[in-house]
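Below is work_17.cif, holding mmCIF, C-alpha atoms; chains and numbers go by the auth columns.
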```
data_data
loop_
_atom_site.group_PDB
_atom_site.id
_atom_site.type_symbol
_atom_site.label_atom_id
_atom_site.label_comp_id
_atom_site.label_asym_id
_atom_site.label_seq_id
_atom_site.Cartn_x
_atom_site.Cartn_y
_atom_site.Cartn_z
_atom_site.B_iso_or_equiv
_atom_site.auth_seq_id
_atom_site.auth_asym_id
ATOM 1 C CA MET A 1 117.161 66.691 123.725 0.00 34 A
ATOM 2 C CA PRO A 2 113.339 66.909 123.710 0.00 35 A
ATOM 3 C CA SER A 3 111.411 67.164 126.950 0.00 36 A
ATOM 4 C CA TRP A 4 109.734 63.982 128.126 0.00 37 A
ATOM 5 C CA LEU A 5 106.359 65.525 127.343 0.00 38 A
ATOM 6 C CA GLY A 6 107.458 66.290 123.771 0.00 39 A
ATOM 7 C CA ARG A 7 109.077 62.868 123.489 0.00 40 A
ATOM 8 C CA ASP A 8 105.866 61.122 124.540 0.00 41 A
ATOM 9 C CA ARG A 9 103.872 63.098 121.987 0.00 42 A
ATOM 10 C CA ILE A 10 106.304 62.065 119.263 0.00 43 A
ATOM 11 C CA ALA A 11 105.944 58.445 120.393 0.00 44 A
ATOM 12 C CA LEU A 12 102.133 58.657 120.195 0.00 45 A
ATOM 13 C CA ALA A 13 102.382 60.048 116.666 0.00 46 A
ATOM 14 C CA ALA A 14 104.835 57.285 115.749 0.00 47 A
ATOM 15 C CA ALA A 15 102.423 54.690 117.145 0.00 48 A
ATOM 16 C CA LEU A 16 99.843 55.823 114.598 0.00 49 A
ATOM 17 C CA VAL A 17 102.130 56.377 111.617 0.00 50 A
ATOM 18 C CA VAL A 18 104.955 53.815 111.779 0.00 51 A
ATOM 19 C CA PRO A 19 102.993 50.507 111.897 0.00 52 A
ATOM 20 C CA PRO A 20 100.971 51.196 108.725 0.00 53 A
ATOM 21 C CA ALA A 21 104.106 52.452 106.971 0.00 54 A
ATOM 22 C CA VAL A 22 106.011 49.287 107.889 0.00 55 A
ATOM 23 C CA CYS A 23 103.074 47.082 106.883 0.00 56 A
ATOM 24 C CA ALA A 24 102.866 48.841 103.514 0.00 57 A
ATOM 25 C CA ALA A 25 106.607 48.335 103.026 0.00 58 A
ATOM 26 C CA LEU A 26 106.213 44.612 103.766 0.00 59 A
ATOM 27 C CA THR A 27 103.479 44.028 101.185 0.00 60 A
ATOM 28 C CA PRO A 28 105.910 42.731 98.508 0.00 61 A
ATOM 29 C CA LEU A 29 106.842 39.944 100.930 0.00 62 A
ATOM 30 C CA ARG A 30 103.364 38.899 102.006 0.00 63 A
ATOM 31 C CA THR A 31 103.183 35.976 99.567 0.00 64 A
ATOM 32 C CA SER A 32 106.720 34.700 100.174 0.00 65 A
ATOM 33 C CA VAL A 33 107.175 35.213 103.919 0.00 66 A
ATOM 34 C CA SER A 34 104.982 33.631 106.566 0.00 67 A
ATOM 35 C CA ASP A 35 102.499 35.717 108.521 0.00 68 A
ATOM 36 C CA ALA A 36 104.281 34.806 111.756 0.00 69 A
ATOM 37 C CA ASN A 37 107.594 36.240 110.549 0.00 70 A
ATOM 38 C CA LEU A 38 105.908 39.404 109.310 0.00 71 A
ATOM 39 C CA ALA A 39 104.214 39.737 112.686 0.00 72 A
ATOM 40 C CA LEU A 40 107.599 39.491 114.419 0.00 73 A
ATOM 41 C CA VAL A 41 108.797 42.511 112.436 0.00 74 A
ATOM 42 C CA LEU A 42 105.829 44.447 113.770 0.00 75 A
ATOM 43 C CA VAL A 43 106.571 43.334 117.325 0.00 76 A
ATOM 44 C CA VAL A 44 109.996 44.956 116.950 0.00 77 A
ATOM 45 C CA VAL A 45 108.274 48.157 115.828 0.00 78 A
ATOM 46 C CA VAL A 46 106.009 48.103 118.896 0.00 79 A
ATOM 47 C CA VAL A 47 108.985 47.588 121.227 0.00 80 A
ATOM 48 C CA ALA A 48 110.829 50.512 119.625 0.00 81 A
ATOM 49 C CA VAL A 49 107.863 52.865 120.050 0.00 82 A
ATOM 50 C CA ALA A 50 107.269 51.784 123.657 0.00 83 A
ATOM 51 C CA ALA A 51 110.942 52.123 124.583 0.00 84 A
ATOM 52 C CA PHE A 52 111.078 55.619 123.088 0.00 85 A
ATOM 53 C CA GLY A 53 107.755 56.731 124.551 0.00 86 A
ATOM 54 C CA ASN A 54 105.512 55.387 127.290 0.00 87 A
ATOM 55 C CA ARG A 55 102.889 52.714 127.982 0.00 88 A
ATOM 56 C CA PRO A 56 100.021 54.444 126.121 0.00 89 A
ATOM 57 C CA ALA A 57 102.245 54.871 123.077 0.00 90 A
ATOM 58 C CA GLY A 58 103.296 51.220 123.214 0.00 91 A
ATOM 59 C CA ALA A 59 99.702 50.026 123.588 0.00 92 A
ATOM 60 C CA LEU A 60 98.557 52.246 120.726 0.00 93 A
ATOM 61 C CA ALA A 61 101.392 50.909 118.565 0.00 94 A
ATOM 62 C CA ALA A 62 100.349 47.333 119.356 0.00 95 A
ATOM 63 C CA VAL A 63 96.729 47.998 118.349 0.00 96 A
ATOM 64 C CA SER A 64 97.827 49.902 115.244 0.00 97 A
ATOM 65 C CA ALA A 65 100.196 47.091 114.244 0.00 98 A
ATOM 66 C CA ALA A 66 97.457 44.456 114.585 0.00 99 A
ATOM 67 C CA VAL A 67 94.921 46.504 112.602 0.00 100 A
ATOM 68 C CA TRP A 68 97.275 47.306 109.720 0.00 101 A
ATOM 69 C CA PHE A 69 98.700 43.787 109.732 0.00 102 A
ATOM 70 C CA ASP A 70 95.159 42.622 108.948 0.00 103 A
ATOM 71 C CA PHE A 71 94.653 45.265 106.265 0.00 104 A
ATOM 72 C CA PHE A 72 97.945 44.944 104.362 0.00 105 A
ATOM 73 C CA LEU A 73 99.332 41.486 105.047 0.00 106 A
ATOM 74 C CA VAL A 74 96.392 39.122 105.621 0.00 107 A
ATOM 75 C CA PRO A 75 94.187 37.881 102.740 0.00 108 A
ATOM 76 C CA PRO A 76 91.826 39.111 101.483 0.00 109 A
ATOM 77 C CA TYR A 77 94.181 42.082 101.158 0.00 110 A
ATOM 78 C CA SER A 78 93.132 45.728 101.598 0.00 111 A
ATOM 79 C CA THR A 79 90.109 44.736 103.654 0.00 112 A
ATOM 80 C CA TRP A 80 89.380 44.458 107.358 0.00 113 A
ATOM 81 C CA SER A 81 88.206 40.840 107.090 0.00 114 A
ATOM 82 C CA ILE A 82 90.144 37.622 107.739 0.00 115 A
ATOM 83 C CA ALA A 83 89.220 34.429 105.914 0.00 116 A
ATOM 84 C CA ASN A 84 91.639 32.038 107.610 0.00 117 A
ATOM 85 C CA THR A 85 91.430 31.184 111.323 0.00 118 A
ATOM 86 C CA GLY A 86 95.205 30.751 111.416 0.00 119 A
ATOM 87 C CA ASP A 87 95.661 34.331 110.206 0.00 120 A
ATOM 88 C CA LEU A 88 93.193 35.484 112.852 0.00 121 A
ATOM 89 C CA ALA A 89 95.179 33.683 115.540 0.00 122 A
ATOM 90 C CA THR A 90 98.389 35.325 114.305 0.00 123 A
ATOM 91 C CA MET A 91 96.808 38.771 114.454 0.00 124 A
ATOM 92 C CA VAL A 92 95.463 38.176 117.965 0.00 125 A
ATOM 93 C CA LEU A 93 98.865 36.872 119.053 0.00 126 A
ATOM 94 C CA LEU A 94 100.539 39.931 117.520 0.00 127 A
ATOM 95 C CA LEU A 95 98.236 42.176 119.531 0.00 128 A
ATOM 96 C CA ALA A 96 98.776 40.252 122.778 0.00 129 A
ATOM 97 C CA VAL A 97 102.552 40.042 122.399 0.00 130 A
ATOM 98 C CA GLY A 98 102.737 43.670 121.296 0.00 131 A
ATOM 99 C CA LEU A 99 100.827 44.831 124.375 0.00 132 A
ATOM 100 C CA ALA A 100 102.970 42.705 126.687 0.00 133 A
ATOM 101 C CA VAL A 101 106.340 43.762 125.321 0.00 134 A
ATOM 102 C CA SER A 102 105.258 47.409 125.169 0.00 135 A
ATOM 103 C CA GLN A 103 104.598 47.302 128.911 0.00 136 A
ATOM 104 C CA LEU A 104 108.001 45.741 129.552 0.00 137 A
ATOM 105 C CA ALA A 105 109.805 48.235 127.331 0.00 138 A
ATOM 106 C CA ALA A 106 108.039 51.208 128.907 0.00 139 A
ATOM 107 C CA ARG A 107 108.828 49.876 132.378 0.00 140 A
ATOM 108 C CA ALA A 108 112.498 49.484 131.438 0.00 141 A
ATOM 109 C CA ARG A 109 112.590 53.117 130.332 0.00 142 A
ATOM 110 C CA ARG A 110 110.931 54.238 133.573 0.00 143 A
ATOM 111 C CA LEU A 111 113.421 52.271 135.695 0.00 144 A
ATOM 112 C CA ARG A 112 116.286 53.874 133.774 0.00 145 A
ATOM 113 C CA LEU A 113 114.862 57.334 134.474 0.00 146 A
ATOM 114 C CA VAL A 114 114.506 56.496 138.164 0.00 147 A
ATOM 115 C CA THR A 115 118.147 55.419 138.262 0.00 148 A
ATOM 116 C CA ILE A 116 119.275 58.632 136.570 0.00 149 A
ATOM 117 C CA THR A 117 117.131 60.724 138.887 0.00 150 A
ATOM 118 C CA ASP A 118 118.466 58.955 141.978 0.00 151 A
ATOM 119 C CA ALA A 119 122.041 59.569 140.832 0.00 152 A
ATOM 120 C CA GLU A 120 121.328 63.271 140.354 0.00 153 A
ATOM 121 C CA GLN A 121 119.734 63.503 143.794 0.00 154 A
ATOM 122 C CA LEU A 122 122.676 61.729 145.411 0.00 155 A
ATOM 123 C CA ASP A 123 125.024 64.187 143.706 0.00 156 A
ATOM 124 C CA ARG A 124 123.052 67.117 145.157 0.00 157 A
ATOM 125 C CA ILE A 125 123.359 65.730 148.670 0.00 158 A
ATOM 126 C CA HIS A 126 127.062 64.937 148.224 0.00 159 A
ATOM 127 C CA SER A 127 127.987 68.355 146.821 0.00 160 A
ATOM 128 C CA THR A 128 126.167 70.168 149.630 0.00 161 A
ATOM 129 C CA ALA A 129 127.749 67.950 152.280 0.00 162 A
ATOM 130 C CA GLU A 130 131.171 68.764 150.819 0.00 163 A
ATOM 131 C CA LEU A 131 130.364 72.470 151.047 0.00 164 A
ATOM 132 C CA VAL A 132 129.429 72.104 154.727 0.00 165 A
ATOM 133 C CA ARG A 133 132.582 70.111 155.482 0.00 166 A
ATOM 134 C CA SER A 134 134.719 72.768 153.787 0.00 167 A
ATOM 135 C CA GLY A 135 133.586 75.248 156.417 0.00 168 A
ATOM 136 C CA ARG A 136 131.535 77.487 154.129 0.00 169 A
ATOM 137 C CA SER A 137 129.165 79.868 155.873 0.00 170 A
ATOM 138 C CA GLY A 138 125.490 79.149 156.497 0.00 171 A
ATOM 139 C CA PRO A 139 124.354 81.778 153.950 0.00 172 A
ATOM 140 C CA ASP A 140 126.631 80.258 151.278 0.00 173 A
ATOM 141 C CA VAL A 141 125.254 76.771 151.874 0.00 174 A
ATOM 142 C CA ALA A 142 121.670 78.090 152.021 0.00 175 A
ATOM 143 C CA ASN A 143 122.176 79.819 148.677 0.00 176 A
ATOM 144 C CA GLN A 144 123.388 76.592 147.069 0.00 177 A
ATOM 145 C CA VAL A 145 120.526 74.605 148.580 0.00 178 A
ATOM 146 C CA ARG A 146 118.028 77.209 147.357 0.00 179 A
ATOM 147 C CA ALA A 147 119.244 76.728 143.780 0.00 180 A
ATOM 148 C CA GLN A 148 119.189 72.937 144.178 0.00 181 A
ATOM 149 C CA LEU A 149 115.612 72.979 145.486 0.00 182 A
ATOM 150 C CA VAL A 150 114.404 74.823 142.395 0.00 183 A
ATOM 151 C CA GLY A 151 115.677 72.065 140.128 0.00 184 A
ATOM 152 C CA LEU A 152 114.886 69.173 142.455 0.00 185 A
ATOM 153 C CA LEU A 153 111.250 70.145 143.082 0.00 186 A
ATOM 154 C CA GLY A 154 110.603 71.935 139.776 0.00 187 A
ATOM 155 C CA LEU A 155 109.772 75.182 141.585 0.00 188 A
ATOM 156 C CA ARG A 156 108.754 78.488 140.050 0.00 189 A
ATOM 157 C CA ALA A 157 110.798 80.250 142.716 0.00 190 A
ATOM 158 C CA CYS A 158 112.497 79.722 146.071 0.00 191 A
ATOM 159 C CA ARG A 159 113.895 82.142 148.645 0.00 192 A
ATOM 160 C CA PHE A 160 115.516 81.809 152.045 0.00 193 A
ATOM 161 C CA GLU A 161 114.153 83.762 155.024 0.00 194 A
ATOM 162 C CA TYR A 162 116.251 84.247 158.143 0.00 195 A
ATOM 163 C CA GLY A 163 114.972 84.409 161.701 0.00 196 A
ATOM 164 C CA ARG A 164 111.535 84.102 163.213 0.00 197 A
ATOM 165 C CA LEU A 165 108.530 82.343 161.726 0.00 198 A
ATOM 166 C CA LEU A 166 105.869 84.635 160.284 0.00 199 A
ATOM 167 C CA GLY A 167 102.376 83.550 159.302 0.00 200 A
ATOM 168 C CA HIS A 168 101.121 80.007 158.948 0.00 201 A
ATOM 169 C CA PRO A 169 102.050 78.757 155.457 0.00 202 A
ATOM 170 C CA ALA A 170 101.881 75.133 154.410 0.00 203 A
ATOM 171 C CA ARG A 171 104.951 73.227 155.565 0.00 204 A
ATOM 172 C CA LEU A 172 107.018 70.437 154.053 0.00 205 A
ATOM 173 C CA GLU A 173 107.532 67.974 156.909 0.00 206 A
ATOM 174 C CA ARG A 174 110.429 65.601 157.492 0.00 207 A
ATOM 175 C CA ASP A 175 108.408 62.609 156.260 0.00 208 A
ATOM 176 C CA GLY A 176 107.644 64.347 152.959 0.00 209 A
ATOM 177 C CA SER A 177 104.051 65.206 153.842 0.00 210 A
ATOM 178 C CA ILE A 178 102.569 68.706 153.648 0.00 211 A
ATOM 179 C CA ALA A 179 101.127 70.179 156.847 0.00 212 A
ATOM 180 C CA THR A 180 98.356 72.766 156.536 0.00 213 A
ATOM 181 C CA GLY A 181 96.120 73.939 159.348 0.00 214 A
ATOM 182 C CA GLY A 182 97.274 71.194 161.692 0.00 215 A
ATOM 183 C CA LEU A 183 96.528 68.451 159.166 0.00 216 A
ATOM 184 C CA ARG A 184 98.964 66.466 157.049 0.00 217 A
ATOM 185 C CA ARG A 185 98.478 65.595 153.422 0.00 218 A
ATOM 186 C CA TYR A 186 100.504 62.787 151.960 0.00 219 A
ATOM 187 C CA LEU A 187 100.046 63.800 148.323 0.00 220 A
ATOM 188 C CA ALA A 188 99.031 60.551 146.675 0.00 221 A
ATOM 189 C CA GLY A 189 98.992 62.402 143.343 0.00 222 A
ATOM 190 C CA GLU A 190 102.527 63.712 144.027 0.00 223 A
ATOM 191 C CA GLU A 191 101.634 67.317 143.114 0.00 224 A
ATOM 192 C CA LEU A 192 102.465 70.004 145.656 0.00 225 A
ATOM 193 C CA PRO A 193 99.606 72.366 146.549 0.00 226 A
ATOM 194 C CA ASP A 194 99.462 75.594 144.534 0.00 227 A
ATOM 195 C CA GLU A 195 100.529 77.806 147.442 0.00 228 A
ATOM 196 C CA GLU A 196 103.755 78.890 149.099 0.00 229 A
ATOM 197 C CA ILE A 197 105.288 76.142 151.257 0.00 230 A
ATOM 198 C CA GLU A 198 107.917 76.518 153.959 0.00 231 A
ATOM 199 C CA LEU A 199 110.806 74.148 154.522 0.00 232 A
ATOM 200 C CA ARG A 200 112.311 74.875 157.915 0.00 233 A
ATOM 201 C CA VAL A 201 116.044 74.978 158.579 0.00 234 A
ATOM 202 C CA GLY A 202 117.391 74.177 162.026 0.00 235 A
ATOM 203 C CA ALA A 203 119.955 72.156 163.954 0.00 236 A
ATOM 204 C CA GLY A 204 120.879 71.521 167.579 0.00 237 A
ATOM 205 C CA GLY A 205 117.428 72.512 168.742 0.00 238 A
ATOM 206 C CA ARG A 206 117.703 75.947 167.121 0.00 239 A
ATOM 207 C CA PHE A 207 115.755 77.481 164.268 0.00 240 A
ATOM 208 C CA TYR A 208 117.781 79.451 161.696 0.00 241 A
ATOM 209 C CA GLY A 209 115.304 80.196 158.944 0.00 242 A
ATOM 210 C CA ARG A 210 113.236 78.597 156.237 0.00 243 A
ATOM 211 C CA PHE A 211 113.114 78.082 152.514 0.00 244 A
ATOM 212 C CA MET A 212 109.899 79.408 150.977 0.00 245 A
ATOM 213 C CA LEU A 213 108.939 77.189 148.041 0.00 246 A
ATOM 214 C CA ARG A 214 106.666 78.235 145.172 0.00 247 A
ATOM 215 C CA PRO A 215 105.576 75.028 143.365 0.00 248 A
ATOM 216 C CA THR A 216 104.796 74.779 139.684 0.00 249 A
ATOM 217 C CA PRO A 217 101.079 73.883 139.265 0.00 250 A
ATOM 218 C CA GLY A 218 100.576 70.415 137.794 0.00 251 A
ATOM 219 C CA ARG A 219 104.241 69.444 138.248 0.00 252 A
ATOM 220 C CA PRO A 220 104.557 66.037 139.985 0.00 253 A
ATOM 221 C CA VAL A 221 107.058 65.962 142.853 0.00 254 A
ATOM 222 C CA PRO A 222 107.709 62.368 144.010 0.00 255 A
ATOM 223 C CA LEU A 223 108.110 61.591 147.691 0.00 256 A
ATOM 224 C CA ARG A 224 111.753 60.670 147.060 0.00 257 A
ATOM 225 C CA ALA A 225 112.475 64.213 145.842 0.00 258 A
ATOM 226 C CA ARG A 226 110.692 65.765 148.827 0.00 259 A
ATOM 227 C CA LEU A 227 112.777 63.692 151.235 0.00 260 A
ATOM 228 C CA VAL A 228 115.960 64.771 149.461 0.00 261 A
ATOM 229 C CA ALA A 229 114.800 68.394 149.865 0.00 262 A
ATOM 230 C CA VAL A 230 114.481 67.848 153.627 0.00 263 A
ATOM 231 C CA THR A 231 118.010 66.382 153.718 0.00 264 A
ATOM 232 C CA LEU A 232 119.401 69.400 151.876 0.00 265 A
ATOM 233 C CA ALA A 233 117.685 71.748 154.328 0.00 266 A
ATOM 234 C CA ASP A 234 119.242 69.785 157.201 0.00 267 A
ATOM 235 C CA GLN A 235 122.669 70.350 155.683 0.00 268 A
ATOM 236 C CA ALA A 236 122.019 74.082 155.515 0.00 269 A
ATOM 237 C CA GLY A 237 121.027 73.923 159.180 0.00 270 A
ATOM 238 C CA ALA A 238 124.288 72.129 160.002 0.00 271 A
ATOM 239 C CA ALA A 239 126.263 74.919 158.317 0.00 272 A
ATOM 240 C CA PHE A 240 124.480 77.598 160.357 0.00 273 A
ATOM 241 C CA ASP A 241 124.916 75.580 163.555 0.00 274 A
ATOM 242 C CA ALA A 242 128.646 75.150 162.976 0.00 275 A
ATOM 243 C CA ALA A 243 129.066 78.952 162.940 0.00 276 A
ATOM 244 C CA ARG A 244 127.340 79.560 166.300 0.00 277 A
ATOM 245 C CA PRO A 245 129.466 81.837 168.508 0.00 278 A
ATOM 246 C CA ASP A 246 128.919 79.563 171.512 0.00 279 A
ATOM 247 C CA ARG A 247 129.757 76.415 169.589 0.00 280 A
ATOM 248 C CA GLY A 248 132.119 74.300 171.624 0.00 281 A
ATOM 249 C CA ALA A 249 132.034 76.715 174.556 0.00 282 A
#
```
For this file, produce the structure as structure tokens.
Amino acid sequence: MPSWLGRDRIALAAALVVPPAVCAALTPLRTSVSDANLALVLVVVVVAVAAFGNRPAGALAAVSAAVWFDFFLVPPYSTWSIANTGDLATMVLLLAVGLAVSQLAARARRLRLVTITDAEQLDRIHSTAELVRSGRSGPDVANQVRAQLVGLLGLRACRFEYGRLLGHPARLERDGSIATGGLRRYLAGEELPDEEIELRVGAGGRFYGRFMLRPTPGRPVPLRARLVAVTLADQAGAAFDAARPDRGA
């Protein structure tokens, strides 16, 4: 399965190549089929490109479809001119409809990805909670959470440090913000700063350690994912707290 970046690049290439190819294939029908019906075929092409790719790809496909519709399927043929106002209206309508449906198709794809991502994040929380309930040790749970954080936040690396706090690194707070030097950044662009970030682990008023996160530069990390990371760290804290010698004393 291609990465989303590779998939979007393919969609952009398809937006340039597929509409003229389809228009050329429709040329034998241009005298026997109405312009409106030919335009509907191109709308389907735009929807397919947008659903496979993203909004820019869908918009580019809509523009490409309108331009090549004029060139191949509207008289005078093989020119960029339009003699009939009805044909001009059809081309403009094709462009407008193509742009609109491309936005809807791209949005539908994005909502599907959000649903998939949410399901994966819920599974991470559930599997870690099951590990805590099974009575596994704090180090075992911390090791699982460490691996989960790498995938969840797209990290270059992550390690767990036991014991006292050392230094003053940036910190991932419970509300998903990043605290540095006494100030909080709420990351409107969703990218974590290119520096090591701590995610503290504690429970019952005690501090047990911290995860040290090394973000991937340029990798967006939505607020939802950061909040899931905090929840996972809390579960690691619960595992450490359950093993306290004085627990229940």
Output as AutoDock Vina command-line options the centre and edge lengths (Å, one decimal) of the box along x, y and z of the file that holds every listed atom of segment 123-132 of chain A after adding 3 Å on each side.
```
--center_x 99.1 --center_y 40.1 --center_z 119.3 --size_x 13.3 --size_y 15.5 --size_z 16.1
```
For this structure, which residues satisfy the selection - the PyMOL selection byres ((chain A and resi 83) around 8) - when it is evaluated on the file as given? I want them as a count of residues only.
18
Picked residues, the PyMOL selection byres ((chain A and resi 192) around 8), expected as a PyMOL selection string
chain A and resi 179+190-191+193-194+244-246
Min atom-atom distance to Gly235 of chain A from the set A:Pro248, A:Ala269, A:Arg204, A:Ala212, counting all atoms listed in the file, belongs to A:Ala269
Residue contacts of segment 164-177 of chain A (12 Å, only C-alpha atoms) excluding same-chain residues fewer than 2 positions away, as a ChimeraX atom specification:
/A:157-162,179-184,191-195,232-236,241-245,265-277
Residue subset to file, keeping C-alpha atoms, as a PDB file, in the coordinates of the input:
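selection-v2.pdb, written as the output of this step:
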```pdb
ATOM      1  CA  ARG A 157     123.052  67.117 145.157  1.00  0.00           C
ATOM      2  CA  ILE A 158     123.359  65.730 148.670  1.00  0.00           C
ATOM      3  CA  HIS A 159     127.062  64.937 148.224  1.00  0.00           C
ATOM      4  CA  SER A 160     127.987  68.355 146.821  1.00  0.00           C
ATOM      5  CA  THR A 161     126.167  70.168 149.630  1.00  0.00           C
ATOM      6  CA  ALA A 162     127.749  67.950 152.280  1.00  0.00           C
ATOM      7  CA  ARG A 179     118.028  77.209 147.357  1.00  0.00           C
ATOM      8  CA  ALA A 180     119.244  76.728 143.780  1.00  0.00           C
ATOM      9  CA  GLN A 181     119.189  72.937 144.178  1.00  0.00           C
ATOM     10  CA  LEU A 182     115.612  72.979 145.486  1.00  0.00           C
ATOM     11  CA  VAL A 183     114.404  74.823 142.395  1.00  0.00           C
ATOM     12  CA  GLY A 184     115.677  72.065 140.128  1.00  0.00           C
ATOM     13  CA  CYS A 191     112.497  79.722 146.071  1.00  0.00           C
ATOM     14  CA  ARG A 192     113.895  82.142 148.645  1.00  0.00           C
ATOM     15  CA  PHE A 193     115.516  81.809 152.045  1.00  0.00           C
ATOM     16  CA  GLU A 194     114.153  83.762 155.024  1.00  0.00           C
ATOM     17  CA  TYR A 195     116.251  84.247 158.143  1.00  0.00           C
ATOM     18  CA  LEU A 232     110.806  74.148 154.522  1.00  0.00           C
ATOM     19  CA  ARG A 233     112.311  74.875 157.915  1.00  0.00           C
ATOM     20  CA  VAL A 234     116.044  74.978 158.579  1.00  0.00           C
ATOM     21  CA  GLY A 235     117.391  74.177 162.026  1.00  0.00           C
ATOM     22  CA  ALA A 236     119.955  72.156 163.954  1.00  0.00           C
ATOM     23  CA  TYR A 241     117.781  79.451 161.696  1.00  0.00           C
ATOM     24  CA  GLY A 242     115.304  80.196 158.944  1.00  0.00           C
ATOM     25  CA  ARG A 243     113.236  78.597 156.237  1.00  0.00           C
ATOM     26  CA  PHE A 244     113.114  78.082 152.514  1.00  0.00           C
ATOM     27  CA  MET A 245     109.899  79.408 150.977  1.00  0.00           C
ATOM     28  CA  LEU A 265     119.401  69.400 151.876  1.00  0.00           C
ATOM     29  CA  ALA A 266     117.685  71.748 154.328  1.00  0.00           C
ATOM     30  CA  ASP A 267     119.242  69.785 157.201  1.00  0.00           C
ATOM     31  CA  GLN A 268     122.669  70.350 155.683  1.00  0.00           C
ATOM     32  CA  ALA A 269     122.019  74.082 155.515  1.00  0.00           C
ATOM     33  CA  GLY A 270     121.027  73.923 159.180  1.00  0.00           C
ATOM     34  CA  ALA A 271     124.288  72.129 160.002  1.00  0.00           C
ATOM     35  CA  ALA A 272     126.263  74.919 158.317  1.00  0.00           C
ATOM     36  CA  PHE A 273     124.480  77.598 160.357  1.00  0.00           C
ATOM     37  CA  ASP A 274     124.916  75.580 163.555  1.00  0.00           C
ATOM     38  CA  ALA A 275     128.646  75.150 162.976  1.00  0.00           C
ATOM     39  CA  ALA A 276     129.066  78.952 162.940  1.00  0.00           C
ATOM     40  CA  ARG A 277     127.340  79.560 166.300  1.00  0.00           C
TER      41      ARG A 277
END
```
Expand the PyMOL selection byres ((chain A and resi 252-261) around 8) into the explicit residue set it covers here, and present it as a ChimeraX atom specification.
/A:154,158,185-187,205,207-209,222-225,248-251,262-265
In Å, rounded to a single decimal, give me how far atom CA of Pro89 of chain A is from atom CA of Arg189 of chain A.
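For atom CA of Arg189 of chain A relative to atom CA of Pro89 of chain A, the distance reads 29.1 Å.
Across the structure, atom CA of Arg42 of chain A and atom CA of Asn70 of chain A are spaced 29.4 Å apart.
Atom CA of Leu49 of chain A to atom CA of Ala98 of chain A spans 8.7 Å [interatomic distance, one decimal].
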Just add N, CA, C and O atoms to segment 190-200 of chain A and send it as a PDB file, keeping the file's coordinate frame.
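What ended up in rebuild08.pdb:
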```pdb
ATOM      1  N   ALA A 190     109.876  79.369 142.001  1.00  0.00           N
ATOM      2  CA  ALA A 190     110.798  80.250 142.716  1.00  0.00           C
ATOM      3  C   ALA A 190     111.064  79.675 144.095  1.00  0.00           C
ATOM      4  O   ALA A 190     110.309  78.829 144.598  1.00  0.00           O
ATOM      5  N   CYS A 191     112.154  80.140 144.706  1.00  0.00           N
ATOM      6  CA  CYS A 191     112.497  79.722 146.071  1.00  0.00           C
ATOM      7  C   CYS A 191     113.358  80.817 146.689  1.00  0.00           C
ATOM      8  O   CYS A 191     114.255  81.352 146.034  1.00  0.00           O
ATOM      9  N   ARG A 192     113.086  81.155 147.934  1.00  0.00           N
ATOM     10  CA  ARG A 192     113.895  82.142 148.645  1.00  0.00           C
ATOM     11  C   ARG A 192     114.158  81.638 150.057  1.00  0.00           C
ATOM     12  O   ARG A 192     113.431  80.783 150.561  1.00  0.00           O
ATOM     13  N   PHE A 193     115.203  82.188 150.667  1.00  0.00           N
ATOM     14  CA  PHE A 193     115.516  81.809 152.045  1.00  0.00           C
ATOM     15  C   PHE A 193     115.220  82.984 152.953  1.00  0.00           C
ATOM     16  O   PHE A 193     115.652  84.114 152.690  1.00  0.00           O
ATOM     17  N   GLU A 194     114.480  82.747 154.037  1.00  0.00           N
ATOM     18  CA  GLU A 194     114.153  83.762 155.024  1.00  0.00           C
ATOM     19  C   GLU A 194     114.874  83.438 156.324  1.00  0.00           C
ATOM     20  O   GLU A 194     114.785  82.317 156.826  1.00  0.00           O
ATOM     21  N   TYR A 195     115.553  84.428 156.875  1.00  0.00           N
ATOM     22  CA  TYR A 195     116.251  84.247 158.143  1.00  0.00           C
ATOM     23  C   TYR A 195     115.322  84.575 159.308  1.00  0.00           C
ATOM     24  O   TYR A 195     114.392  85.367 159.181  1.00  0.00           O
ATOM     25  N   GLY A 196     115.603  83.975 160.467  1.00  0.00           N
ATOM     26  CA  GLY A 196     114.972  84.409 161.701  1.00  0.00           C
ATOM     27  C   GLY A 196     113.639  83.804 162.007  1.00  0.00           C
ATOM     28  O   GLY A 196     113.356  82.661 161.670  1.00  0.00           O
ATOM     29  N   ARG A 197     112.771  84.596 162.620  1.00  0.00           N
ATOM     30  CA  ARG A 197     111.535  84.102 163.213  1.00  0.00           C
ATOM     31  C   ARG A 197     110.506  83.693 162.167  1.00  0.00           C
ATOM     32  O   ARG A 197     110.476  84.212 161.051  1.00  0.00           O
ATOM     33  N   LEU A 198     109.622  82.787 162.585  1.00  0.00           N
ATOM     34  CA  LEU A 198     108.530  82.343 161.726  1.00  0.00           C
ATOM     35  C   LEU A 198     107.456  83.419 161.662  1.00  0.00           C
ATOM     36  O   LEU A 198     107.083  83.993 162.686  1.00  0.00           O
ATOM     37  N   LEU A 199     106.956  83.690 160.471  1.00  0.00           N
ATOM     38  CA  LEU A 199     105.869  84.635 160.284  1.00  0.00           C
ATOM     39  C   LEU A 199     104.742  83.950 159.527  1.00  0.00           C
ATOM     40  O   LEU A 199     104.987  83.271 158.512  1.00  0.00           O
ATOM     41  N   GLY A 200     103.512  84.143 159.989  1.00  0.00           N
ATOM     42  CA  GLY A 200     102.376  83.550 159.302  1.00  0.00           C
ATOM     43  C   GLY A 200     102.278  82.057 159.534  1.00  0.00           C
ATOM     44  O   GLY A 200     103.016  81.463 160.332  1.00  0.00           O
TER      45      GLY A 200
END
```
